[in-house]
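Student: Please find coords02.csv (CSV, C-alpha atoms and all ligand atoms) on the next line:
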```csv
chain,number,residue,atom,x,y,z
A,1,MET,CA,0.0,0.0,0.0
A,2,ARG,CA,1.3,3.4,-1.0
A,3,THR,CA,1.2,5.9,1.9
A,4,ARG,CA,2.2,9.3,3.1
A,5,VAL,CA,3.8,9.3,6.6
A,6,MET,CA,2.4,12.0,8.9
A,7,PRO,CA,2.0,12.7,12.6
A,8,LYS,CA,-1.2,10.9,13.9
A,9,GLU,CA,-2.9,14.2,14.7
A,10,CYS,CA,-3.0,15.1,11.0
A,11,LEU,CA,-5.4,12.1,10.3
A,12,LYS,CA,-8.6,14.1,10.7
A,13,SER,CA,-7.5,17.2,8.8
A,14,VAL,CA,-6.4,15.3,5.7
A,15,THR,CA,-9.4,13.0,5.2
A,16,LYS,CA,-11.0,15.3,2.5
A,17,GLU,CA,-7.8,15.8,0.5
A,18,ASP,CA,-8.0,14.5,-3.0
A,19,TRP,CA,-4.9,12.3,-2.7
A,20,VAL,CA,-6.3,10.2,0.3
A,21,ASP,CA,-7.6,6.7,-0.6
A,22,ILE,CA,-10.7,6.6,1.6
A,23,ASN,CA,-11.3,2.9,0.7
A,24,ARG,CA,-8.3,1.8,2.7
A,25,ARG,CA,-7.7,2.1,6.5
A,26,PRO,CA,-4.8,4.2,7.6
A,27,TYR,CA,-2.2,2.4,9.7
A,28,VAL,CA,-1.3,4.0,13.0
A,29,LYS,CA,1.6,3.1,15.3
A,30,GLY,CA,2.5,5.3,18.3
A,31,ASP,CA,2.4,9.0,17.1
A,32,THR,CA,2.8,8.2,13.4
A,33,ALA,CA,0.1,7.6,10.7
A,34,TRP,CA,0.6,5.9,7.3
A,35,ILE,CA,-2.2,7.4,5.2
A,36,PRO,CA,-3.2,5.4,2.0
A,37,VAL,CA,-2.6,7.4,-1.2
A,38,LYS,CA,-4.6,7.0,-4.5
A,39,ASP,CA,-2.9,6.0,-7.7
A,40,GLY,CA,-1.1,8.9,-9.5
A,41,PHE,CA,-0.4,10.9,-6.4
A,42,PHE,CA,2.9,11.5,-4.6
A,43,PHE,CA,3.7,8.9,-1.8
A,44,ASP,CA,6.7,8.5,0.4
A,45,CYS,CA,6.4,4.9,1.7
A,46,ILE,CA,5.2,1.6,0.6
A,47,LEU,CA,3.8,-0.5,3.5
A,48,ASP,CA,4.3,-4.3,3.3
A,49,LYS,CA,1.1,-6.2,2.9
A,50,LYS,CA,0.2,-7.0,6.5
A,51,LYS,CA,0.6,-10.6,7.6
A,52,GLY,CA,-2.7,-12.2,8.9
A,53,TYR,CA,-3.6,-12.1,12.6
A,54,LEU,CA,-2.9,-15.6,14.2
A,55,GLY,CA,-3.8,-14.8,17.8
A,56,ARG,CA,-6.8,-15.5,20.1
A,57,GLY,CA,-10.3,-15.1,18.7
A,58,TYR,CA,-12.0,-11.7,19.2
A,59,HIS,CA,-14.8,-9.7,17.6
A,60,MET,CA,-15.1,-6.1,16.5
A,61,ALA,CA,-17.9,-3.8,17.6
A,62,GLY,CA,-17.4,-0.8,15.4
A,63,ASP,CA,-13.7,-0.1,15.9
A,64,ILE,CA,-13.6,-1.6,19.4
A,65,ALA,CA,-12.1,-5.1,19.6
A,66,ILE,CA,-13.6,-7.4,22.2
A,67,PHE,CA,-12.2,-10.6,23.8
A,68,HIS,CA,-14.3,-13.0,25.9
A,69,GLY,CA,-12.9,-15.9,27.9
A,70,ASP,CA,-9.3,-15.8,29.1
A,71,VAL,CA,-7.4,-12.5,29.1
A,72,PRO,CA,-5.2,-12.3,25.9
A,73,ASP,CA,-1.4,-12.1,26.3
A,74,LYS,CA,0.7,-9.1,25.3
A,75,LYS,CA,1.8,-10.8,22.0
A,76,ASP,CA,-1.9,-11.2,20.9
A,77,LEU,CA,-2.6,-7.6,21.8
A,78,ASP,CA,0.3,-6.2,19.9
A,79,GLU,CA,-0.6,-8.4,16.9
A,80,LEU,CA,-4.3,-7.3,17.1
A,81,ILE,CA,-3.3,-3.6,17.2
A,82,ARG,CA,-1.1,-4.1,14.2
A,83,TRP,CA,-3.9,-6.0,12.3
A,84,GLU,CA,-7.1,-4.1,13.2
A,85,ASN,CA,-5.8,-0.7,14.4
A,86,PRO,CA,-8.7,-0.6,16.9
A,87,SER,CA,-9.5,2.5,19.0
A,88,CYS,CA,-9.9,0.3,22.1
A,89,ILE,CA,-9.5,-3.3,23.2
A,90,LEU,CA,-11.9,-4.7,25.9
A,91,HIS,CA,-11.8,-8.0,27.7
A,92,ILE,CA,-15.3,-8.8,28.8
A,93,HIS,CA,-15.0,-11.3,31.7
A,94,SER,CA,-18.8,-11.9,32.2
A,95,TYR,CA,-22.2,-10.2,32.3
A,96,GLU,CA,-23.2,-9.9,35.9
A,97,GLY,CA,-26.6,-10.3,37.5
A,98,VAL,CA,-30.1,-9.9,36.0
A,99,ARG,CA,-29.1,-6.6,34.5
A,100,ARG,CA,-26.3,-8.2,32.6
A,101,ILE,CA,-23.7,-5.5,33.5
A,102,PRO,CA,-20.4,-6.2,31.7
A,103,LYS,CA,-17.4,-7.0,34.0
A,104,ILE,CA,-14.6,-5.6,31.9
A,105,ASN,CA,-10.8,-4.9,31.7
A,106,VAL,CA,-9.8,-2.1,29.3
A,107,LEU,CA,-6.6,-3.5,27.7
A,108,TYR,CA,-5.9,-0.7,25.2
A,109,GLY,CA,-7.3,2.8,24.4
A,110,LYS,CA,-10.5,4.2,25.9
A,111,PRO,CA,-14.1,2.8,25.7
A,112,LYS,CA,-16.7,4.9,24.0
A,113,GLU,CA,-20.1,4.8,22.4
A,114,ILE,CA,-20.5,3.2,19.0
A,115,CYS,CA,-23.3,2.9,16.5
A,116,LEU,CA,-23.7,-0.4,14.7
A,117,LYS,CA,-25.9,-1.0,11.7
A,118,GLU,CA,-27.4,-4.5,11.5
A,119,ASN,CA,-30.1,-5.6,9.1
A,120,GLY,CA,-30.9,-2.0,8.3
A,121,CYS,CA,-31.3,-1.0,12.0
A,122,PHE,CA,-29.0,1.3,14.1
A,123,PHE,CA,-27.9,0.3,17.6
A,124,ILE,CA,-26.1,2.9,19.7
A,125,PHE,CA,-24.4,1.6,22.8
A,126,ASP,CA,-21.2,1.5,24.8
A,127,PRO,CA,-19.9,-2.1,25.1
A,128,SER,CA,-18.1,-1.3,28.3
A,129,LYS,CA,-21.5,-0.4,30.0
A,130,VAL,CA,-24.2,-2.6,28.5
A,131,MET,CA,-24.6,-6.0,27.0
A,132,PHE,CA,-24.7,-6.5,23.2
A,133,ALA,CA,-24.8,-10.1,21.9
A,134,MET,CA,-23.0,-10.1,18.6
A,135,GLY,CA,-24.2,-13.6,17.6
A,136,ASN,CA,-27.9,-12.8,17.6
A,137,ARG,CA,-28.0,-11.0,14.3
A,138,GLU,CA,-29.9,-13.9,12.5
A,139,GLU,CA,-32.5,-14.1,15.3
A,140,LYS,CA,-33.1,-10.4,15.0
A,141,ARG,CA,-33.6,-10.8,11.3
A,142,ARG,CA,-36.0,-13.7,11.8
A,143,ILE,CA,-38.1,-11.7,14.3
A,144,ALA,CA,-38.3,-8.7,11.9
A,145,GLU,CA,-39.7,-11.1,9.3
A,146,ILE,CA,-42.3,-12.9,11.4
A,147,VAL,CA,-43.9,-10.0,13.3
A,148,LYS,CA,-47.0,-8.5,11.7
A,149,LYS,CA,-47.8,-4.8,11.2
A,150,GLY,CA,-50.1,-3.6,14.0
A,151,GLU,CA,-49.4,-6.5,16.3
A,152,ARG,CA,-49.2,-5.5,20.0
A,153,ILE,CA,-45.9,-7.0,21.4
A,154,ALA,CA,-44.4,-7.1,24.9
A,155,ASP,CA,-40.6,-6.9,24.9
A,156,MET,CA,-40.1,-7.9,28.5
A,157,PHE,CA,-36.2,-7.6,28.5
A,158,ALA,CA,-35.7,-4.9,25.9
A,159,GLY,CA,-32.0,-4.0,26.6
A,160,ILE,CA,-30.9,-1.4,24.1
A,161,GLY,CA,-33.6,-2.5,21.7
A,162,TYR,CA,-32.2,-5.8,20.2
A,163,PHE,CA,-35.7,-7.0,19.2
A,164,THR,CA,-37.8,-3.9,19.8
A,165,ILE,CA,-36.1,-1.9,17.0
A,166,PRO,CA,-36.3,-4.5,14.2
A,167,ALA,CA,-39.9,-5.4,15.2
A,168,ALA,CA,-40.9,-1.7,15.3
A,169,VAL,CA,-39.2,-1.1,11.9
A,170,SER,CA,-41.4,-4.0,10.6
A,171,GLY,CA,-44.5,-2.0,11.7
A,172,ALA,CA,-45.5,-3.7,15.0
A,173,ASP,CA,-46.4,-1.8,18.2
A,174,ILE,CA,-44.0,-2.6,21.0
A,175,HIS,CA,-44.3,-2.2,24.7
A,176,ALA,CA,-40.6,-2.2,25.6
A,177,MET,CA,-39.6,-2.8,29.3
A,178,GLU,CA,-36.0,-2.6,30.7
A,179,ILE,CA,-34.8,-2.6,34.3
A,180,ASN,CA,-31.2,-1.4,33.8
A,181,PRO,CA,-31.2,2.5,33.6
A,182,ASP,CA,-28.0,2.6,31.4
A,183,SER,CA,-29.5,0.2,28.9
A,184,PHE,CA,-32.8,2.1,29.0
A,185,LEU,CA,-31.1,5.3,28.0
A,186,PHE,CA,-29.6,3.6,25.0
A,187,LEU,CA,-33.0,2.1,24.2
A,188,LYS,CA,-34.5,5.6,24.1
A,189,ARG,CA,-31.8,6.9,21.9
A,190,ASN,CA,-32.1,3.9,19.5
A,191,ILE,CA,-35.9,4.4,19.3
A,192,GLU,CA,-35.2,8.0,18.2
A,193,LYS,CA,-32.3,7.1,15.9
A,194,ASN,CA,-34.4,4.6,14.0
A,195,ARG,CA,-37.4,6.9,14.0
A,196,VAL,CA,-39.8,4.4,15.5
A,197,GLU,CA,-41.2,6.7,18.3
A,198,GLU,CA,-44.8,6.1,17.1
A,199,ASN,CA,-44.5,2.4,17.3
A,200,VAL,CA,-42.8,2.0,20.7
A,201,ILE,CA,-43.9,2.8,24.3
A,202,SER,CA,-40.8,2.3,26.6
A,203,GLU,CA,-40.7,2.0,30.3
A,204,CYS,CA,-37.8,1.6,32.8
A,205,GLY,CA,-38.6,-0.9,35.5
A,206,ASP,CA,-39.3,-4.6,36.3
A,207,CYS,CA,-41.4,-6.0,33.5
A,208,ARG,CA,-43.5,-8.0,36.1
A,209,ASP,CA,-44.9,-4.7,37.3
A,210,LEU,CA,-45.2,-3.1,33.9
A,211,LEU,CA,-47.1,-5.6,31.8
A,212,LYS,CA,-50.5,-4.1,30.8
A,213,GLY,CA,-53.5,-5.3,28.8
A,214,GLU,CA,-53.4,-8.1,26.2
A,215,TYR,CA,-50.5,-8.9,23.8
A,216,ASP,CA,-50.4,-10.7,20.4
A,217,ARG,CA,-46.7,-11.6,21.0
A,218,ALA,CA,-44.1,-11.5,23.7
A,219,PHE,CA,-40.3,-11.4,23.4
A,220,MET,CA,-38.7,-13.1,26.5
A,221,GLY,CA,-35.0,-12.4,25.7
A,222,HIS,CA,-33.5,-13.5,29.0
A,223,PHE,CA,-32.1,-16.9,29.9
A,224,GLU,CA,-34.1,-16.9,33.2
A,225,SER,CA,-37.3,-15.6,31.6
A,226,TYR,CA,-39.2,-18.9,32.0
A,227,SER,CA,-39.6,-18.0,35.7
A,228,MET,CA,-41.8,-15.1,34.5
A,229,LEU,CA,-44.1,-17.3,32.4
A,230,PRO,CA,-47.0,-17.0,34.9
A,231,ASP,CA,-46.7,-13.2,34.7
A,232,ILE,CA,-46.9,-13.0,30.9
A,233,LEU,CA,-49.4,-15.8,30.4
A,234,SER,CA,-52.1,-13.8,32.1
A,235,HIS,CA,-51.7,-11.1,29.5
A,236,MET,CA,-51.7,-13.3,26.4
A,237,LYS,CA,-54.6,-13.8,23.9
A,238,ARG,CA,-55.5,-17.2,22.4
A,239,ASN,CA,-53.4,-17.8,19.2
A,240,SER,CA,-50.8,-15.4,20.4
A,241,THR,CA,-47.0,-16.3,20.4
A,242,LEU,CA,-44.2,-16.3,23.0
A,243,HIS,CA,-40.5,-16.3,22.1
A,244,VAL,CA,-38.8,-17.8,25.1
A,245,HIS,CA,-34.9,-17.7,25.2
A,246,SER,CA,-33.0,-20.2,27.2
A,247,ILE,CA,-29.8,-22.2,27.4
A,248,ASN,CA,-30.7,-25.6,25.9
A,249,ASP,CA,-34.2,-26.9,25.4
A,250,ILE,CA,-36.7,-26.2,28.2
A,251,SER,CA,-39.9,-27.0,26.2
A,252,ALA,CA,-41.2,-29.4,28.9
A,253,LYS,CA,-41.1,-26.7,31.6
A,254,ILE,CA,-42.7,-24.2,29.2
A,255,SER,CA,-45.4,-26.6,28.3
A,256,LYS,CA,-46.3,-27.3,31.9
A,257,GLU,CA,-46.7,-23.6,32.7
A,258,CYS,CA,-48.8,-22.9,29.6
A,259,LYS,CA,-51.2,-25.8,30.5
A,260,ILE,CA,-51.5,-24.5,34.1
A,261,ALA,CA,-52.6,-21.1,32.5
A,262,GLY,CA,-55.2,-22.9,30.4
A,263,PHE,CA,-53.4,-22.9,27.0
A,264,LYS,CA,-52.5,-25.8,24.7
A,265,PRO,CA,-48.9,-24.9,23.6
A,266,ASP,CA,-47.5,-25.6,20.1
A,267,ILE,CA,-43.7,-25.3,20.6
A,268,SER,CA,-40.9,-25.1,17.9
A,269,LEU,CA,-37.3,-24.8,18.8
A,270,HIS,CA,-34.7,-22.6,17.1
A,271,ARG,CA,-30.9,-22.5,17.7
A,272,VAL,CA,-29.5,-19.0,18.0
A,273,LYS,CA,-25.8,-19.7,18.7
A,274,LYS,CA,-23.3,-21.9,20.5
A,275,TYR,CA,-23.0,-20.7,24.0
A,276,ALA,CA,-20.4,-23.0,25.6
A,277,PRO,CA,-19.4,-26.7,25.1
A,278,HIS,CA,-22.7,-28.7,25.0
A,279,LYS,CA,-24.7,-25.5,25.6
A,280,TRP,CA,-26.8,-23.7,23.0
A,281,HIS,CA,-28.6,-20.4,23.2
A,282,VAL,CA,-32.0,-21.5,21.9
A,283,VAL,CA,-35.4,-19.8,21.4
A,284,GLN,CA,-38.7,-21.6,21.8
A,285,ASP,CA,-41.6,-20.2,19.7
A,286,VAL,CA,-44.7,-21.0,21.6
A,287,VAL,CA,-48.1,-20.6,19.9
A,288,LEU,CA,-50.8,-20.5,22.6
A,289,LEU,CA,-53.8,-22.5,21.4
A,301,LIG,C1,-31.4,-8.6,26.4
A,301,LIG,S1,-30.4,-8.8,27.8
A,301,LIG,C2,-29.9,-10.5,27.9
A,301,LIG,C3,-29.8,-11.3,26.7
A,301,LIG,C4,-29.4,-12.7,26.9
A,301,LIG,N1,-30.4,-13.5,26.3
A,301,LIG,C5,-29.2,-13.2,28.4
A,301,LIG,O1,-30.1,-13.7,29.0
A,301,LIG,O2,-28.1,-13.0,28.9
A,301,LIG,C6,-31.6,-8.9,29.0
A,301,LIG,C7,-32.0,-7.6,29.5
A,301,LIG,O3,-33.1,-7.8,30.4
A,301,LIG,C8,-33.0,-6.8,31.5
A,301,LIG,N2,-33.8,-7.4,32.6
A,301,LIG,C9,-33.5,-8.4,33.4
A,301,LIG,N3,-34.5,-8.6,34.3
A,301,LIG,C10,-35.5,-7.7,34.0
A,301,LIG,C11,-36.9,-7.5,34.5
A,301,LIG,N4,-37.3,-8.2,35.5
A,301,LIG,N5,-37.6,-6.5,33.9
A,301,LIG,C12,-37.1,-5.8,32.8
A,301,LIG,N6,-35.9,-6.0,32.3
A,301,LIG,C13,-35.1,-6.9,32.9
A,301,LIG,C14,-31.5,-6.7,31.7
A,301,LIG,O4,-31.2,-5.5,32.3
A,301,LIG,C15,-31.0,-6.8,30.3
A,301,LIG,O5,-30.8,-5.6,29.7
```
Render the structure in this file as structure tokens.
Ligand SMILES: C[S@+](CC[C@H](N)C(=O)[O-])C[C@H]1O[C@@H](n2cnc3c(N)ncnc32)[C@H](O)[C@@H]1O

Tutor:
Amino acid sequence: MRTRVMPKECLKSVTKEDWVDINRRPYVKGDTAWIPVKDGFFFDCILDKKKGYLGRGYHMAGDIAIFHGDVPDKKDLDELIRWENPSCILHIHSYEGVRRIPKINVLYGKPKEICLKENGCFFIFDPSKVMFAMGNREEKRRIAEIVKKGERIADMFAGIGYFTIPAAVSGADIHAMEINPDSFLFLKRNIEKNRVEENVISECGDCRDLLKGEYDRAFMGHFESYSMLPDILSHMKRNSTLHVHSINDISAKISKECKIAGFKPDISLHRVKKYAPHKWHVVQDVVLL
């Protein structure tokens, strides 16, 4: 790659210059930036094609690199900085408690808010403050496809709007409930950012206290949500649908609760992602007959 070598602080001021190749990422090391140059313009250094990254697995949320599991070693970090040029590297140890608060180490740079675009929806969040499950993209797309315009939906564990936003964009009316005030603030901003204010009523608090009226569908996007089945079942219409998330198949437990509430459940199981060895994040679609 042909580059011009400049102090890092020049990066912002040169982006609009006609010689800058905006289709390539600049490479930054310490205080120096190697800025890609378009064909036909003056350059002062050719950067070797970078060797691939061979370290521990990670994923990128915007320009923030995230490790789960064990803490990566210094060699992996140096390699990753060279390979991805991230603004920040986080190690997320776990998500704590019912509010799923990330327990993190900042390994490089400074955490910040990012805005991801997925399946045409925007999600603003700070991965050091709130949970965002990167592997649920397909499930969000599936939900956006199956909800119907005008349906009244309870999103009992709305988070930053993982399911609320795609369902609202599809034209459903969502009652979004979220107990964590940090996640709730991002939820409000994502409702605005995606311009779905008319389709979403959002409330901060415990969904068990907030459920109101009758619903055509309910999203139960929390692994312990089955314990709240009695709460939601008293608000569900006949022929309505629940989407109950869990680790591995809990159809038998769900079936028992639905029968106690007077429904005949028709359950189908969908895998969302691998969670741990022998453990799958699954969702049970439960039609209440
Ligand atoms: C979408 S995230 C979790 C996703 C993932 N399926 C899991 O269980 O780890 C779940 C969200 O539910 C919220 N939450 C937990 N208990 C709640 C409750 N009783 N009422 C409303 N929101 C709740 C948490 O704060 C969190 O933002």

Student: Please identify all protein, DNA and RNA residues within 9 Å of ligand LIG 301 (chain A), counting all atoms listed in the file, and report them as a count of residues only.

Tutor: 47

Student: Hey, what's within 8 Å of Cys115 in chain A if we count all atoms listed in the file and toss same-chain stuff fewer than 6 positions away? As a list of chain:residue names, please?

Tutor: A:Gly62, A:Phe122, A:Phe123, A:Ile124, A:Phe125

Student: Which of these residues is nearest to Leu242 in chain A, using only C-alpha atoms: A:Pro277, A:Gly69, A:Gly55, A:Pro265?

Tutor: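 Of A:Pro277, A:Gly69, A:Gly55, A:Pro265, the one nearest Leu242 in chain A is A:Pro265, counting only C-alpha atoms.
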
Student: At what distance in Å, to one decimal, does CA of Val14 in chain A lie from CA of Ile35 in chain A?

Tutor: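 That distance, rounded to one decimal, is 9.0 Å.
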
Student: Just how far from CA of Glu84 in chain A is CA of Arg2 in chain A, in Å to one decimal?

Tutor: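 The value is 18.1 Å.
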
Student: Smallest atom-to-atom distance to Leu54 in chain A: which of A:Ala33, A:Pro72, A:Glu79, A:Met6, using only C-alpha atoms?

Tutor: A:Glu79

Student: For His59 in chain A, which residue among A:Val71, A:Asp76, A:Lys264, A:Leu90 is the nearest when counting all atoms listed in the file?

Tutor: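 Smallest distance to His59 in chain A is found for A:Leu90.
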
Student: Between CA of Ser227 in chain A and CA of Phe263 in chain A, what is the distance, to one decimal in Å?

Tutor: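 Computing it gives 17.0 Å between the two atoms.
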
Student: Which residues, written as a list in words, have at least one atom at most 12 Å from Ala65 in chain A, with all atoms listed in the file counted and residues fewer than 6 positions away on the same chain left out?

Tutor: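 The residues that qualify are Arg56, Gly57, Tyr58, His59, Pro72, Asp76, Leu77, Leu80, Ile81, Trp83, Glu84, Asn85, Pro86, Ser87, Cys88, Ile89, Leu90, His91, Ile92, Val106, Leu107, Tyr108, Gly109, Lys110, Pro111, Lys112, Ile114, Pro127 and Ser128 of chain A.
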
Student: The selected residues should be written to file as a CSV table (one decimal), keeping the file's coordinate frame (atoms: C-alpha atoms).

Tutor:
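Produced file selection-v8.csv, reproduced below:
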```csv
chain,number,residue,atom,x,y,z
A,56,ARG,CA,-6.8,-15.5,20.1
A,57,GLY,CA,-10.3,-15.1,18.7
A,58,TYR,CA,-12.0,-11.7,19.2
A,59,HIS,CA,-14.8,-9.7,17.6
A,72,PRO,CA,-5.2,-12.3,25.9
A,76,ASP,CA,-1.9,-11.2,20.9
A,77,LEU,CA,-2.6,-7.6,21.8
A,80,LEU,CA,-4.3,-7.3,17.1
A,81,ILE,CA,-3.3,-3.6,17.2
A,83,TRP,CA,-3.9,-6.0,12.3
A,84,GLU,CA,-7.1,-4.1,13.2
A,85,ASN,CA,-5.8,-0.7,14.4
A,86,PRO,CA,-8.7,-0.6,16.9
A,87,SER,CA,-9.5,2.5,19.0
A,88,CYS,CA,-9.9,0.3,22.1
A,89,ILE,CA,-9.5,-3.3,23.2
A,90,LEU,CA,-11.9,-4.7,25.9
A,91,HIS,CA,-11.8,-8.0,27.7
A,92,ILE,CA,-15.3,-8.8,28.8
A,106,VAL,CA,-9.8,-2.1,29.3
A,107,LEU,CA,-6.6,-3.5,27.7
A,108,TYR,CA,-5.9,-0.7,25.2
A,109,GLY,CA,-7.3,2.8,24.4
A,110,LYS,CA,-10.5,4.2,25.9
A,111,PRO,CA,-14.1,2.8,25.7
A,112,LYS,CA,-16.7,4.9,24.0
A,114,ILE,CA,-20.5,3.2,19.0
A,127,PRO,CA,-19.9,-2.1,25.1
A,128,SER,CA,-18.1,-1.3,28.3
```

Student: Which residue, A:Ser234, A:Ser170, A:Thr3, A:Ser268, has the smallest gap to Trp19 in chain A when you use all atoms listed in the file?

Tutor: A:Thr3
